[in-house]
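Source file: data.txt (compact mmCIF, C-alpha atoms and all ligand atoms)
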# COMPACT_ATOMS: atom_id res chain seq x y z
CA MET A 1 -27.46 27.45 14.49
CA ARG A 2 -26.38 24.19 12.90
CA ASP A 3 -24.60 24.42 9.56
CA LEU A 4 -25.35 22.10 6.64
CA LEU A 5 -22.22 19.99 6.09
CA MET A 6 -21.60 19.72 2.34
CA ILE A 7 -17.93 18.66 2.15
CA PRO A 8 -16.62 15.48 0.52
CA GLY A 9 -16.67 13.63 3.84
CA PRO A 10 -17.60 13.50 6.57
CA VAL A 11 -21.12 14.25 5.38
CA GLU A 12 -24.58 14.67 6.93
CA PHE A 13 -25.70 11.44 8.59
CA GLU A 14 -29.17 10.03 9.22
CA PRO A 15 -30.51 10.33 12.79
CA GLU A 16 -30.98 6.54 13.10
CA VAL A 17 -27.29 6.06 12.30
CA LEU A 18 -26.25 8.59 14.94
CA GLN A 19 -28.59 6.96 17.48
CA ALA A 20 -26.75 3.67 17.01
CA LEU A 21 -23.53 5.47 17.94
CA GLY A 22 -25.08 6.84 21.12
CA ALA A 23 -26.63 3.54 22.25
CA PRO A 24 -25.13 1.66 25.22
CA THR A 25 -22.07 -0.26 24.04
CA LEU A 26 -22.56 -4.01 23.89
CA GLY A 27 -19.77 -6.44 24.61
CA HIS A 28 -18.15 -7.61 21.38
CA THR A 29 -19.15 -11.21 22.17
CA ASP A 30 -22.76 -10.33 23.06
CA PRO A 31 -25.12 -12.38 20.87
CA ALA A 32 -26.96 -9.18 19.92
CA PHE A 33 -23.74 -7.63 18.62
CA ILE A 34 -22.71 -10.83 16.82
CA ALA A 35 -26.00 -10.66 14.91
CA VAL A 36 -25.43 -6.98 14.05
CA PHE A 37 -21.84 -7.51 12.85
CA GLY A 38 -22.79 -10.59 10.83
CA ARG A 39 -25.60 -8.69 9.13
CA ALA A 40 -23.39 -5.65 8.43
CA LEU A 41 -20.87 -7.89 6.64
CA LYS A 42 -23.59 -9.43 4.48
CA ARG A 43 -25.00 -5.98 3.72
CA LEU A 44 -21.57 -4.63 2.73
CA ARG A 45 -21.33 -7.40 0.15
CA GLU A 46 -24.76 -6.41 -1.21
CA VAL A 47 -23.97 -2.68 -1.35
CA CYS A 48 -20.80 -3.42 -3.36
CA LEU A 49 -22.79 -5.82 -5.59
CA ALA A 50 -20.11 -8.36 -4.77
CA PRO A 51 -21.79 -11.67 -3.85
CA SER A 52 -18.54 -13.60 -4.30
CA ALA A 53 -16.34 -11.24 -2.25
CA GLN A 54 -15.02 -11.51 1.30
CA PRO A 55 -15.97 -8.39 3.27
CA PHE A 56 -13.63 -6.85 5.85
CA VAL A 57 -14.68 -4.21 8.40
CA VAL A 58 -11.71 -2.86 10.36
CA SER A 59 -11.27 0.07 12.73
CA GLY A 60 -9.43 2.84 10.89
CA SER A 61 -9.94 5.38 8.12
CA GLY A 62 -10.00 5.02 4.35
CA THR A 63 -6.23 5.21 4.21
CA LEU A 64 -6.06 2.02 6.26
CA ALA A 65 -8.40 0.36 3.76
CA MET A 66 -5.91 1.34 1.02
CA GLU A 67 -3.03 -0.05 3.07
CA LEU A 68 -4.91 -3.30 3.84
CA ALA A 69 -5.43 -3.90 0.12
CA VAL A 70 -1.80 -3.23 -0.73
CA ALA A 71 -0.20 -4.97 2.25
CA ASN A 72 -2.04 -8.20 1.48
CA LEU A 73 -1.73 -8.28 -2.31
CA VAL A 74 1.70 -6.84 -2.96
CA GLU A 75 5.07 -8.46 -2.27
CA PRO A 76 8.41 -6.68 -2.63
CA GLY A 77 9.35 -6.42 -6.29
CA ASP A 78 5.81 -6.72 -7.68
CA ALA A 79 4.90 -4.24 -10.41
CA ALA A 80 1.87 -1.99 -10.02
CA LEU A 81 0.18 0.31 -12.54
CA VAL A 82 -1.44 3.39 -11.00
CA VAL A 83 -4.15 5.12 -13.02
CA ASN A 84 -3.36 8.51 -11.57
CA THR A 85 -6.10 11.14 -11.34
CA GLY A 86 -4.79 13.18 -8.43
CA TYR A 87 -4.00 13.39 -4.73
CA PHE A 88 -5.46 10.05 -3.66
CA SER A 89 -3.87 8.18 -6.57
CA ASP A 90 -0.53 9.62 -5.42
CA ARG A 91 -1.31 8.35 -1.93
CA MET A 92 -2.01 4.88 -3.33
CA ALA A 93 1.34 4.97 -5.16
CA LYS A 94 3.12 5.97 -1.94
CA ILE A 95 1.56 3.01 -0.08
CA LEU A 96 2.43 0.64 -2.95
CA GLU A 97 6.05 1.81 -2.93
CA ARG A 98 6.30 1.52 0.86
CA HIS A 99 5.26 -2.12 0.50
CA GLY A 100 7.97 -2.74 -2.07
CA ALA A 101 6.07 -2.39 -5.35
CA ARG A 102 7.65 -0.96 -8.48
CA VAL A 103 5.11 1.67 -9.52
CA THR A 104 4.34 2.92 -13.03
CA HIS A 105 2.00 5.92 -13.27
CA VAL A 106 -0.38 6.63 -16.11
CA ARG A 107 -1.23 10.26 -15.46
CA ALA A 108 -3.65 12.75 -16.87
CA PRO A 109 -3.53 16.50 -16.28
CA PRO A 110 -5.61 17.50 -13.20
CA GLY A 111 -9.28 17.33 -14.17
CA ASP A 112 -8.94 14.56 -16.72
CA VAL A 113 -8.50 10.78 -16.80
CA PRO A 114 -5.77 8.91 -18.68
CA SER A 115 -6.98 7.33 -21.91
CA LEU A 116 -7.92 3.67 -21.88
CA ASP A 117 -5.54 3.14 -24.81
CA GLU A 118 -2.60 4.38 -22.78
CA VAL A 119 -3.53 2.09 -19.89
CA GLU A 120 -3.91 -0.87 -22.27
CA THR A 121 -0.53 -0.13 -23.83
CA HIS A 122 1.12 -0.48 -20.43
CA LEU A 123 -0.90 -3.56 -19.51
CA SER A 124 -0.03 -5.32 -22.74
CA LYS A 125 3.69 -4.99 -21.96
CA GLY A 126 2.94 -7.54 -19.22
CA GLY A 127 4.44 -8.09 -15.80
CA PHE A 128 1.99 -6.09 -13.69
CA LYS A 129 0.44 -7.73 -10.65
CA VAL A 130 -1.91 -4.90 -9.66
CA LEU A 131 -3.71 -2.01 -11.32
CA SER A 132 -5.08 0.70 -9.04
CA VAL A 133 -7.90 3.07 -9.88
CA THR A 134 -9.25 5.95 -7.81
CA HIS A 135 -12.95 5.70 -8.62
CA VAL A 136 -13.59 9.32 -7.66
CA ASP A 137 -10.52 11.41 -7.00
CA THR A 138 -11.74 13.71 -4.26
CA SER A 139 -9.01 16.24 -5.02
CA THR A 140 -10.25 16.90 -8.56
CA GLY A 141 -13.87 15.72 -8.61
CA VAL A 142 -12.92 13.39 -11.45
CA LEU A 143 -14.79 10.13 -12.00
CA ALA A 144 -12.61 7.41 -13.55
CA PRO A 145 -14.16 4.95 -16.02
CA ALA A 146 -13.88 2.16 -13.45
CA GLU A 147 -15.69 -0.51 -15.44
CA ALA A 148 -13.49 -0.18 -18.54
CA LEU A 149 -10.32 -0.04 -16.44
CA VAL A 150 -11.04 -3.08 -14.29
CA ARG A 151 -12.15 -5.06 -17.35
CA ALA A 152 -8.87 -4.14 -19.07
CA ALA A 153 -6.94 -5.33 -16.01
CA ARG A 154 -8.86 -8.59 -15.98
CA LYS A 155 -8.20 -9.14 -19.69
CA HIS A 156 -4.48 -8.93 -18.98
CA GLY A 157 -4.61 -11.11 -15.85
CA VAL A 158 -3.85 -8.16 -13.55
CA LEU A 159 -5.60 -7.71 -10.18
CA SER A 160 -7.66 -4.53 -9.96
CA VAL A 161 -7.85 -2.46 -6.77
CA VAL A 162 -10.45 0.30 -6.84
CA ASP A 163 -10.35 3.07 -4.23
CA GLY A 164 -14.03 3.78 -3.68
CA VAL A 165 -13.61 5.95 -0.59
CA CYS A 166 -15.42 8.87 -2.24
CA ALA A 167 -17.60 6.70 -4.48
CA THR A 168 -19.00 3.59 -2.79
CA ALA A 169 -22.80 3.78 -2.53
CA ALA A 170 -22.87 6.95 -4.68
CA GLU A 171 -21.26 6.06 -8.04
CA THR A 172 -22.39 3.03 -10.04
CA PHE A 173 -20.14 0.09 -9.23
CA ARG A 174 -20.90 -3.59 -9.79
CA GLN A 175 -17.94 -5.47 -8.39
CA ASP A 176 -18.85 -9.01 -9.46
CA ALA A 177 -20.40 -8.12 -12.82
CA TRP A 178 -17.37 -6.01 -13.74
CA GLU A 179 -14.92 -8.58 -12.27
CA ALA A 180 -13.20 -6.02 -10.05
CA ASP A 181 -10.92 -7.71 -7.54
CA VAL A 182 -10.81 -5.32 -4.58
CA TYR A 183 -13.17 -2.47 -3.74
CA LEU A 184 -12.15 -0.44 -0.73
CA THR A 185 -13.88 2.36 1.08
CA ALA A 186 -14.45 4.11 4.40
CA SER A 187 -17.47 4.87 6.52
CA GLN A 188 -17.67 8.66 6.42
CA LYS A 189 -18.52 9.49 2.83
CA ALA A 190 -21.41 8.02 0.82
CA VAL A 191 -21.59 4.97 3.12
CA GLY A 192 -23.16 7.34 5.64
CA VAL A 193 -21.44 6.57 8.96
CA PRO A 194 -19.14 8.86 11.00
CA PRO A 195 -15.39 8.42 10.41
CA GLY A 196 -13.63 5.37 11.82
CA LEU A 197 -14.19 2.30 9.63
CA ALA A 198 -12.05 0.88 6.83
CA LEU A 199 -14.19 -1.33 4.57
CA LEU A 200 -13.15 -3.75 1.85
CA THR A 201 -14.77 -6.36 -0.36
CA VAL A 202 -12.09 -8.70 -1.66
CA GLY A 203 -12.92 -10.95 -4.58
CA PRO A 204 -11.84 -14.59 -4.97
CA ARG A 205 -8.83 -13.92 -7.26
CA ALA A 206 -7.43 -11.39 -4.80
CA MET A 207 -7.97 -13.76 -1.85
CA GLU A 208 -6.16 -16.44 -3.83
CA ALA A 209 -3.25 -14.08 -4.54
CA TRP A 210 -3.02 -13.37 -0.81
CA ARG A 211 -3.06 -17.11 0.02
CA LYS A 212 -0.25 -17.73 -2.47
CA ARG A 213 2.09 -15.11 -1.00
CA LYS A 214 5.67 -16.21 -0.48
CA THR A 215 6.42 -13.54 2.10
CA PRO A 216 4.44 -12.72 5.26
CA VAL A 217 2.33 -9.55 5.34
CA ALA A 218 4.61 -6.91 6.87
CA SER A 219 2.06 -5.61 9.38
CA VAL A 220 0.18 -7.74 11.91
CA TYR A 221 -2.75 -5.29 12.16
CA ALA A 222 -3.11 -5.25 8.36
CA ASP A 223 -2.83 -9.00 7.81
CA PHE A 224 -5.90 -10.74 6.34
CA ALA A 225 -4.67 -13.82 8.23
CA GLU A 226 -5.70 -12.07 11.46
CA TRP A 227 -8.96 -10.60 10.16
CA LEU A 228 -10.36 -13.36 7.95
CA PRO A 229 -11.20 -15.75 10.83
CA ILE A 230 -12.90 -12.86 12.64
CA MET A 231 -15.07 -11.87 9.67
CA GLU A 232 -15.94 -15.51 8.97
CA ALA A 233 -16.84 -16.17 12.60
CA TYR A 234 -19.14 -13.15 12.99
CA GLU A 235 -20.84 -13.91 9.71
CA ALA A 236 -21.40 -17.47 10.92
CA GLY A 237 -22.95 -16.13 14.15
CA LYS A 238 -19.98 -16.85 16.40
CA PRO A 239 -17.76 -14.47 18.35
CA ALA A 240 -14.03 -14.28 17.77
CA TYR A 241 -11.32 -11.96 18.96
CA PHE A 242 -8.26 -10.47 17.33
CA ALA A 243 -8.61 -6.76 18.14
CA THR A 244 -11.65 -5.16 19.75
CA PRO A 245 -14.16 -4.16 17.09
CA PRO A 246 -15.57 -0.60 17.24
CA VAL A 247 -18.92 -1.88 18.48
CA ASN A 248 -20.98 1.29 18.10
CA LEU A 249 -19.55 2.15 14.68
CA VAL A 250 -20.32 -1.36 13.45
CA ALA A 251 -23.89 -0.99 14.75
CA ALA A 252 -24.16 2.37 12.95
CA LEU A 253 -22.76 0.77 9.78
CA ASP A 254 -25.40 -1.93 9.93
CA VAL A 255 -28.14 0.71 10.17
CA SER A 256 -26.76 2.80 7.31
CA LEU A 257 -26.18 -0.16 4.99
CA GLY A 258 -29.76 -1.28 5.75
CA GLN A 259 -31.04 2.16 4.71
CA ILE A 260 -28.89 2.13 1.56
CA LEU A 261 -30.24 -1.28 0.53
CA ALA A 262 -33.82 -0.19 1.31
CA GLU A 263 -33.38 2.68 -1.16
CA GLY A 264 -31.93 0.20 -3.67
CA MET A 265 -28.53 0.52 -5.33
CA ASP A 266 -29.82 1.57 -8.76
CA ALA A 267 -32.17 4.17 -7.25
CA ARG A 268 -29.32 5.46 -5.09
CA PHE A 269 -26.89 5.76 -8.00
CA ALA A 270 -29.61 7.54 -10.03
CA ARG A 271 -30.37 9.98 -7.18
CA HIS A 272 -26.70 10.93 -6.91
CA GLN A 273 -26.66 11.52 -10.68
CA ARG A 274 -29.76 13.75 -10.48
CA MET A 275 -28.37 15.83 -7.62
CA ALA A 276 -25.01 16.19 -9.39
CA ARG A 277 -26.75 17.33 -12.59
CA ALA A 278 -28.67 19.99 -10.64
CA PHE A 279 -25.42 21.24 -9.08
CA ARG A 280 -23.71 21.36 -12.48
CA ALA A 281 -26.63 23.37 -13.89
CA ALA A 282 -26.23 25.83 -11.00
CA TRP A 283 -22.45 26.22 -11.48
CA LYS A 284 -22.97 26.94 -15.17
CA ALA A 285 -25.75 29.47 -14.45
CA MET A 286 -23.31 31.35 -12.18
CA GLY A 287 -20.66 31.31 -14.91
CA LEU A 288 -18.40 28.99 -12.91
CA ARG A 289 -16.11 26.40 -14.49
CA LEU A 290 -15.68 22.86 -13.21
CA LEU A 291 -12.24 21.38 -12.62
CA PRO A 292 -13.21 18.15 -14.48
CA THR A 293 -12.66 18.82 -18.16
CA SER A 294 -16.06 17.48 -19.24
CA ASP A 295 -19.33 16.33 -17.68
CA ALA A 296 -18.41 12.78 -18.75
CA VAL A 297 -15.54 12.70 -16.24
CA ALA A 298 -17.31 14.76 -13.54
CA ALA A 299 -18.12 12.83 -10.35
CA ASN A 300 -21.65 12.53 -9.05
CA ALA A 301 -20.37 12.44 -5.46
CA LEU A 302 -18.86 15.93 -5.41
CA SER A 303 -18.23 19.06 -7.45
CA ALA A 304 -14.81 20.70 -7.79
CA VAL A 305 -15.33 24.24 -9.08
CA TYR A 306 -12.85 27.02 -9.93
CA TYR A 307 -13.27 30.34 -8.16
CA PRO A 308 -14.32 32.99 -10.66
CA ASP A 309 -11.98 35.92 -11.37
CA GLY A 310 -11.63 38.20 -8.37
CA VAL A 311 -12.80 35.57 -5.86
CA ASP A 312 -10.44 33.52 -3.68
CA ALA A 313 -10.45 30.90 -0.94
CA ALA A 314 -12.10 33.37 1.46
CA LEU A 315 -15.31 32.28 -0.32
CA VAL A 316 -15.37 29.10 1.79
CA GLY A 317 -15.71 31.22 4.95
CA GLY A 318 -18.32 33.37 3.24
CA VAL A 319 -20.41 30.30 2.42
CA LYS A 320 -20.12 29.13 6.04
CA GLY A 321 -21.44 32.52 7.08
CA GLN A 322 -24.48 31.64 4.95
CA GLY A 323 -25.01 28.39 6.87
CA VAL A 324 -23.38 25.83 4.57
CA VAL A 325 -19.95 24.21 4.95
CA VAL A 326 -18.05 23.56 1.72
CA ALA A 327 -14.38 22.64 1.31
CA GLY A 328 -11.37 24.33 -0.26
CA GLY A 329 -9.09 22.76 -2.86
CA LEU A 330 -6.82 19.76 -2.23
CA HIS A 331 -4.84 19.04 -5.39
CA PRO A 332 -1.31 20.37 -4.71
CA ASP A 333 -0.99 22.13 -8.11
CA LEU A 334 -4.28 23.99 -7.86
CA LYS A 335 -5.50 24.04 -4.31
CA THR A 336 -5.88 27.80 -3.95
CA ARG A 337 -7.88 28.04 -7.17
CA TYR A 338 -11.02 25.98 -6.52
CA PHE A 339 -13.54 24.79 -3.94
CA ARG A 340 -15.34 21.51 -3.46
CA VAL A 341 -18.91 20.64 -2.57
CA GLY A 342 -19.74 17.11 -1.46
CA HIS A 343 -23.12 15.76 -2.57
CA MET A 344 -23.22 12.31 -1.08
CA ASN A 345 -25.27 10.00 1.09
CA ARG A 346 -28.60 11.56 2.13
CA VAL A 347 -28.31 14.58 -0.17
CA GLY A 348 -31.63 15.58 -1.70
CA PRO A 349 -33.27 18.51 -3.50
CA ALA A 350 -33.56 20.55 -0.27
CA ASP A 351 -29.79 20.30 0.29
CA VAL A 352 -29.06 21.21 -3.34
CA LEU A 353 -31.18 24.36 -3.20
CA ALA A 354 -29.88 25.40 0.23
CA THR A 355 -26.27 24.95 -0.89
CA VAL A 356 -26.67 26.70 -4.23
CA GLY A 357 -28.49 29.56 -2.50
CA ALA A 358 -25.71 29.98 0.08
CA LEU A 359 -23.03 29.93 -2.63
CA GLU A 360 -24.92 32.45 -4.71
CA ARG A 361 -25.23 34.85 -1.74
CA ALA A 362 -21.58 34.43 -0.76
CA LEU A 363 -20.32 34.83 -4.35
CA ILE A 364 -22.33 38.00 -4.91
CA ALA A 365 -21.09 39.34 -1.54
CA ALA A 366 -17.55 38.57 -2.74
CA GLY A 367 -18.12 40.74 -5.81
CA HIS A 368 -18.97 38.10 -8.41
CA ARG A 369 -21.50 39.34 -10.93
CA SER A 370 -24.41 36.97 -11.15
CA GLU A 371 -28.16 37.50 -11.23
CA PRO A 372 -29.52 36.69 -7.72
CA GLY A 373 -31.59 33.53 -7.98
CA ALA A 374 -30.30 32.48 -11.42
CA ALA A 375 -28.34 29.53 -10.06
CA VAL A 376 -31.16 28.44 -7.76
CA ALA A 377 -33.52 28.61 -10.74
CA ALA A 378 -31.17 26.52 -12.87
CA ALA A 379 -30.86 23.87 -10.15
CA GLN A 380 -34.62 23.93 -9.65
CA ALA A 381 -35.26 23.50 -13.37
CA SER A 382 -32.88 20.54 -13.44
CA LEU A 383 -34.57 18.96 -10.40
CA ILE A 384 -38.01 19.42 -11.98
CA VAL A 385 -36.93 17.69 -15.20
CA GLY A 386 -35.44 14.96 -12.97
C1 LIG P 1 -11.15 10.46 1.64
C2 LIG P 1 -10.42 9.59 0.69
C3 LIG P 1 -9.38 8.74 1.08
C4 LIG P 1 -8.81 8.75 2.47
O1 LIG P 1 -9.73 8.40 3.43
P1 LIG P 1 -9.43 8.76 4.97
O2 LIG P 1 -10.67 8.20 5.64
O3 LIG P 1 -9.32 10.25 5.04
O4 LIG P 1 -8.19 8.08 5.35
C5 LIG P 1 -8.82 7.91 0.16
N1 LIG P 1 -9.23 7.90 -1.11
C6 LIG P 1 -10.21 8.71 -1.55
C7 LIG P 1 -10.62 8.65 -2.97
C8 LIG P 1 -10.83 9.58 -0.66
O5 LIG P 1 -11.79 10.39 -1.09
Could you quickly redo this structure as structure tokens?
Ligand SMILES: *Cc1c(COP(=O)(O)O)cnc(C)c1O
Amino acid sequence: MRDLLMIPGPVEFEPEVLQALGAPTLGHTDPAFIAVFGRALKRLREVCLAPSAQPFVVSGSGTLAMELAVANLVEPGDAALVVNTGYFSDRMAKILERHGARVTHVRAPPGDVPSLDEVETHLSKGGFKVLSVTHVDTSTGVLAPAEALVRAARKHGVLSVVDGVCATAAETFRQDAWEADVYLTASQKAVGVPPGLALLTVGPRAMEAWRKRKTPVASVYADFAEWLPIMEAYEAGKPAYFATPPVNLVAALDVSLGQILAEGMDARFARHQRMARAFRAAWKAMGLRLLPTSDAVAANALSAVYYPDGVDAALVGGVKGQGVVVAGGLHPDLKTRYFRVGHMNRVGPADVLATVGALERALIAAGHRSEPGAAVAAAQASLIVG
């Protein structure tokens, strides 16, 4: 029996996307593949609502996308401000430091976001080159106020880098309208393609900052100088070679981005909000507490939920026994105390009800007191209201 995969990436993928992965592999200079790659690049720009940005599609995971952004923007000695909401913000800081940046953290306790005032206070001291934001921190289920943060960076002449690995194509993000400089993501979360692609849309100010570097990018594989001619060539309908592109993954990306755009970005953001609301109604009906400190900072892409008293991480195995795969905790301070449910990409009402039902059965089996069906009813009521 196949389980329903409800973790914060990889997620359930559409059959048409998986078919593209299983199709015969074209040569990377085949005209048919050139057309596919060129279209995928254009579609990535549309999904990120970033008409002025340069898209990059590179073989690797989301962490490589983070490293590409940093390696190309940061030179040794540059100052970076990290809006720190958890595990993946710490990872961004580690990458920044490895590339020679002097990092200042603005931290909030796990489950919360730092105040905009505190971020502005740091920015107004001046001297920062880059501000990084984790749009959704997958370790806490916290949604950062990306628009306000990138606008604050822009006001102070600081480049904004937004880690959208657990957010792109799920959480509202309008790169050009908000004047965000770099949006980075990966294939396997809300973008809807199996793991293996690092994706970035790099705005004109960030490209300019890269062009004006005084020092060479420290890694050949990460250097925009190698990748830019490739992306430009494929988009112009011509082949070019630096490193072999992952042909089938790019074809799958093209299919998924086409599906995302067919749904429409606003409709897709709204669907993720509706599904997240239904999940939150279910958690509350079961008497469970979210790790995010309020609904205003709770992500729409996933839920991070504390185990109730008397229940521990064995719950994750119990839920799998009920046919649904959820994830344990990730934040180092709390990881034995909560579980995570991804609700991204193709997630719909059927997935919500199946997941809530499985959790309800597993929780009751683990000794949690909750009226059978109460959580399913709460999710259902939320879905009916819409
Ligand atoms: C998953 C994730 C990453 C890392 O992506 P990998 O593909 O695992 O390297 C980075 N940032 C965020 C916010 C994530 O959710």
Test item: residues no farther than 9 Å from ligand LIG 1 (chain P), counting all atoms listed in the file, as a PyMOL selection string: chain A and resi 8-10+60-66+87-89+91-92+134-139+163-167+184-189+195-198
Include C-alpha atoms and write out the residues we just selected as a PDB file, keeping the file's coordinate frame.
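What ended up in selection-v2.pdb:
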ATOM      1  CA  PRO A   8     -16.620  15.480   0.520  1.00  0.00           C
ATOM      2  CA  GLY A   9     -16.670  13.630   3.840  1.00  0.00           C
ATOM      3  CA  PRO A  10     -17.600  13.500   6.570  1.00  0.00           C
ATOM      4  CA  GLY A  60      -9.430   2.840  10.890  1.00  0.00           C
ATOM      5  CA  SER A  61      -9.940   5.380   8.120  1.00  0.00           C
ATOM      6  CA  GLY A  62     -10.000   5.020   4.350  1.00  0.00           C
ATOM      7  CA  THR A  63      -6.230   5.210   4.210  1.00  0.00           C
ATOM      8  CA  LEU A  64      -6.060   2.020   6.260  1.00  0.00           C
ATOM      9  CA  ALA A  65      -8.400   0.360   3.760  1.00  0.00           C
ATOM     10  CA  MET A  66      -5.910   1.340   1.020  1.00  0.00           C
ATOM     11  CA  TYR A  87      -4.000  13.390  -4.730  1.00  0.00           C
ATOM     12  CA  PHE A  88      -5.460  10.050  -3.660  1.00  0.00           C
ATOM     13  CA  SER A  89      -3.870   8.180  -6.570  1.00  0.00           C
ATOM     14  CA  ARG A  91      -1.310   8.350  -1.930  1.00  0.00           C
ATOM     15  CA  MET A  92      -2.010   4.880  -3.330  1.00  0.00           C
ATOM     16  CA  THR A 134      -9.250   5.950  -7.810  1.00  0.00           C
ATOM     17  CA  HIS A 135     -12.950   5.700  -8.620  1.00  0.00           C
ATOM     18  CA  VAL A 136     -13.590   9.320  -7.660  1.00  0.00           C
ATOM     19  CA  ASP A 137     -10.520  11.410  -7.000  1.00  0.00           C
ATOM     20  CA  THR A 138     -11.740  13.710  -4.260  1.00  0.00           C
ATOM     21  CA  SER A 139      -9.010  16.240  -5.020  1.00  0.00           C
ATOM     22  CA  ASP A 163     -10.350   3.070  -4.230  1.00  0.00           C
ATOM     23  CA  GLY A 164     -14.030   3.780  -3.680  1.00  0.00           C
ATOM     24  CA  VAL A 165     -13.610   5.950  -0.590  1.00  0.00           C
ATOM     25  CA  CYS A 166     -15.420   8.870  -2.240  1.00  0.00           C
ATOM     26  CA  ALA A 167     -17.600   6.700  -4.480  1.00  0.00           C
ATOM     27  CA  LEU A 184     -12.150  -0.440  -0.730  1.00  0.00           C
ATOM     28  CA  THR A 185     -13.880   2.360   1.080  1.00  0.00           C
ATOM     29  CA  ALA A 186     -14.450   4.110   4.400  1.00  0.00           C
ATOM     30  CA  SER A 187     -17.470   4.870   6.520  1.00  0.00           C
ATOM     31  CA  GLN A 188     -17.670   8.660   6.420  1.00  0.00           C
ATOM     32  CA  LYS A 189     -18.520   9.490   2.830  1.00  0.00           C
ATOM     33  CA  PRO A 195     -15.390   8.420  10.410  1.00  0.00           C
ATOM     34  CA  GLY A 196     -13.630   5.370  11.820  1.00  0.00           C
ATOM     35  CA  LEU A 197     -14.190   2.300   9.630  1.00  0.00           C
ATOM     36  CA  ALA A 198     -12.050   0.880   6.830  1.00  0.00           C
TER      37      ALA A 198
END
Could you pull the residues within 12 Å of Ala285 of chain A, counting only C-alpha atoms, minus those fewer than 2 positions along the same chain, as a short mmCIF file (atom, residue, chain, number, x, y, z; two decimals) with C-alpha atoms, in the coordinates of the input?
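Contents of around.cif, freshly written:
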data_model
loop_
_atom_site.label_atom_id
_atom_site.label_comp_id
_atom_site.auth_asym_id
_atom_site.auth_seq_id
_atom_site.Cartn_x
_atom_site.Cartn_y
_atom_site.Cartn_z
CA ALA A 278 -28.67 19.99 -10.64
CA PHE A 279 -25.42 21.24 -9.08
CA ARG A 280 -23.71 21.36 -12.48
CA ALA A 281 -26.63 23.37 -13.89
CA ALA A 282 -26.23 25.83 -11.00
CA TRP A 283 -22.45 26.22 -11.48
CA GLY A 287 -20.66 31.31 -14.91
CA LEU A 288 -18.40 28.99 -12.91
CA ARG A 289 -16.11 26.40 -14.49
CA VAL A 356 -26.67 26.70 -4.23
CA GLU A 360 -24.92 32.45 -4.71
CA ARG A 369 -21.50 39.34 -10.93
CA SER A 370 -24.41 36.97 -11.15
CA GLU A 371 -28.16 37.50 -11.23
CA PRO A 372 -29.52 36.69 -7.72
CA GLY A 373 -31.59 33.53 -7.98
CA ALA A 374 -30.30 32.48 -11.42
CA ALA A 375 -28.34 29.53 -10.06
CA VAL A 376 -31.16 28.44 -7.76
CA ALA A 377 -33.52 28.61 -10.74
CA ALA A 378 -31.17 26.52 -12.87
CA ALA A 379 -30.86 23.87 -10.15
CA GLN A 380 -34.62 23.93 -9.65
CA ALA A 381 -35.26 23.50 -13.37
CA SER A 382 -32.88 20.54 -13.44
#
Counting only C-alpha atoms, which residues in segment 32-76 of chain A sit no more than 7 Å from segment 221-236 of chain A? For each one, give the nearest pair of atoms and the distance in Å, sorted by chain then residue number, as CSV.
residue,atom,partner,partner_atom,distance
A:Ile34,CA,A:Tyr234,CA,5.7
A:Phe37,CA,A:Tyr234,CA,6.3
A:Gly38,CA,A:Glu235,CA,4.0
A:Leu41,CA,A:Glu235,CA,6.8
A:Phe56,CA,A:Met231,CA,6.5
A:Leu68,CA,A:Ala222,CA,5.2
A:Ala71,CA,A:Ala222,CA,6.8
A:Asn72,CA,A:Asp223,CA,6.4
List as a ChimeraX atom specification the protein and nucleic acid residues near segment 300-317 of chain A, meaning an atom at most 7 Å away when only C-alpha atoms are counted, but skip any in the same chain fewer than 3 places from it. /A:8,140-141,166-167,170-171,272-273,276,288-291,320-321,326-328,336-344,362-363,366
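One distance worth recording is that between atom CA of Thr25 of chain A and atom CA of Ala169 of chain A, which is 26.9 Å.
Shortest separation to Arg211 of chain A among A:Ala190, A:Gln175, A:Leu73, A:Lys125 occurs at residue A:Leu73, atoms counted being only C-alpha atoms.
Atom CA of Ala299 of chain A is found 12.0 Å from atom CA of Thr168 of chain A.
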Enclose the full set of atoms of segment 210-217 of chain A listed in the file within a box whose edges lie along x, y and z, apply 3 Å of padding to each of the six sides, and report centre and edge lengths in Å to one decimal as JSON.
{"center_x": 1.7, "center_y": -13.6, "center_z": 1.4, "size_x": 15.5, "size_y": 14.2, "size_z": 13.8}
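Close contacts of Val82 of chain A, defined as residues with an atom at most 7 Å away when counting all atoms listed in the file, with chain neighbours fewer than 2 positions off set aside, comprise Ala80, Asn84, Ser89, Ala93, Val103, Thr104, His105, Val106, Leu131, Ser132 and Val133 of chain A.
From atom CA of Leu261 of chain A back to atom CA of Thr29 of chain A, the distance works out to 26.3 Å.
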Around (-28.8, 5.4, 12.2), as given in the file, which residues come within 9 Å? Count only C-alpha atoms and list them as a ChimeraX atom specification. /A:13-21,192-193,251-256,259
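Counting only C-alpha atoms, the residue from A:Lys212, A:Lys238, A:Arg346, A:Arg277 that sits nearest to Ala35 of chain A is A:Lys238.
Residue nearest Leu334 of chain A within the list A:Leu26, A:Val36, A:Gly127, A:Gly86: A:Gly86 [criterion: smallest interatomic distance, all atoms listed in the file].
Remark: for Thr172 of chain A, the closest of the candidate residues A:Asp351, A:Asp266, A:Glu120, A:Glu75 is A:Asp266 (distances computed over all atoms listed in the file).
Among the candidates A:Ala32, A:Met1, A:Met6, A:Arg151, the residue lying nearest to Ala358 of chain A is A:Met6 (atoms considered: all atoms listed in the file).
Closest approach to Val182 of chain A among A:Ala23, A:Ala354, A:Leu200, A:Leu143 is made by A:Leu200 (distances from all atoms listed in the file).
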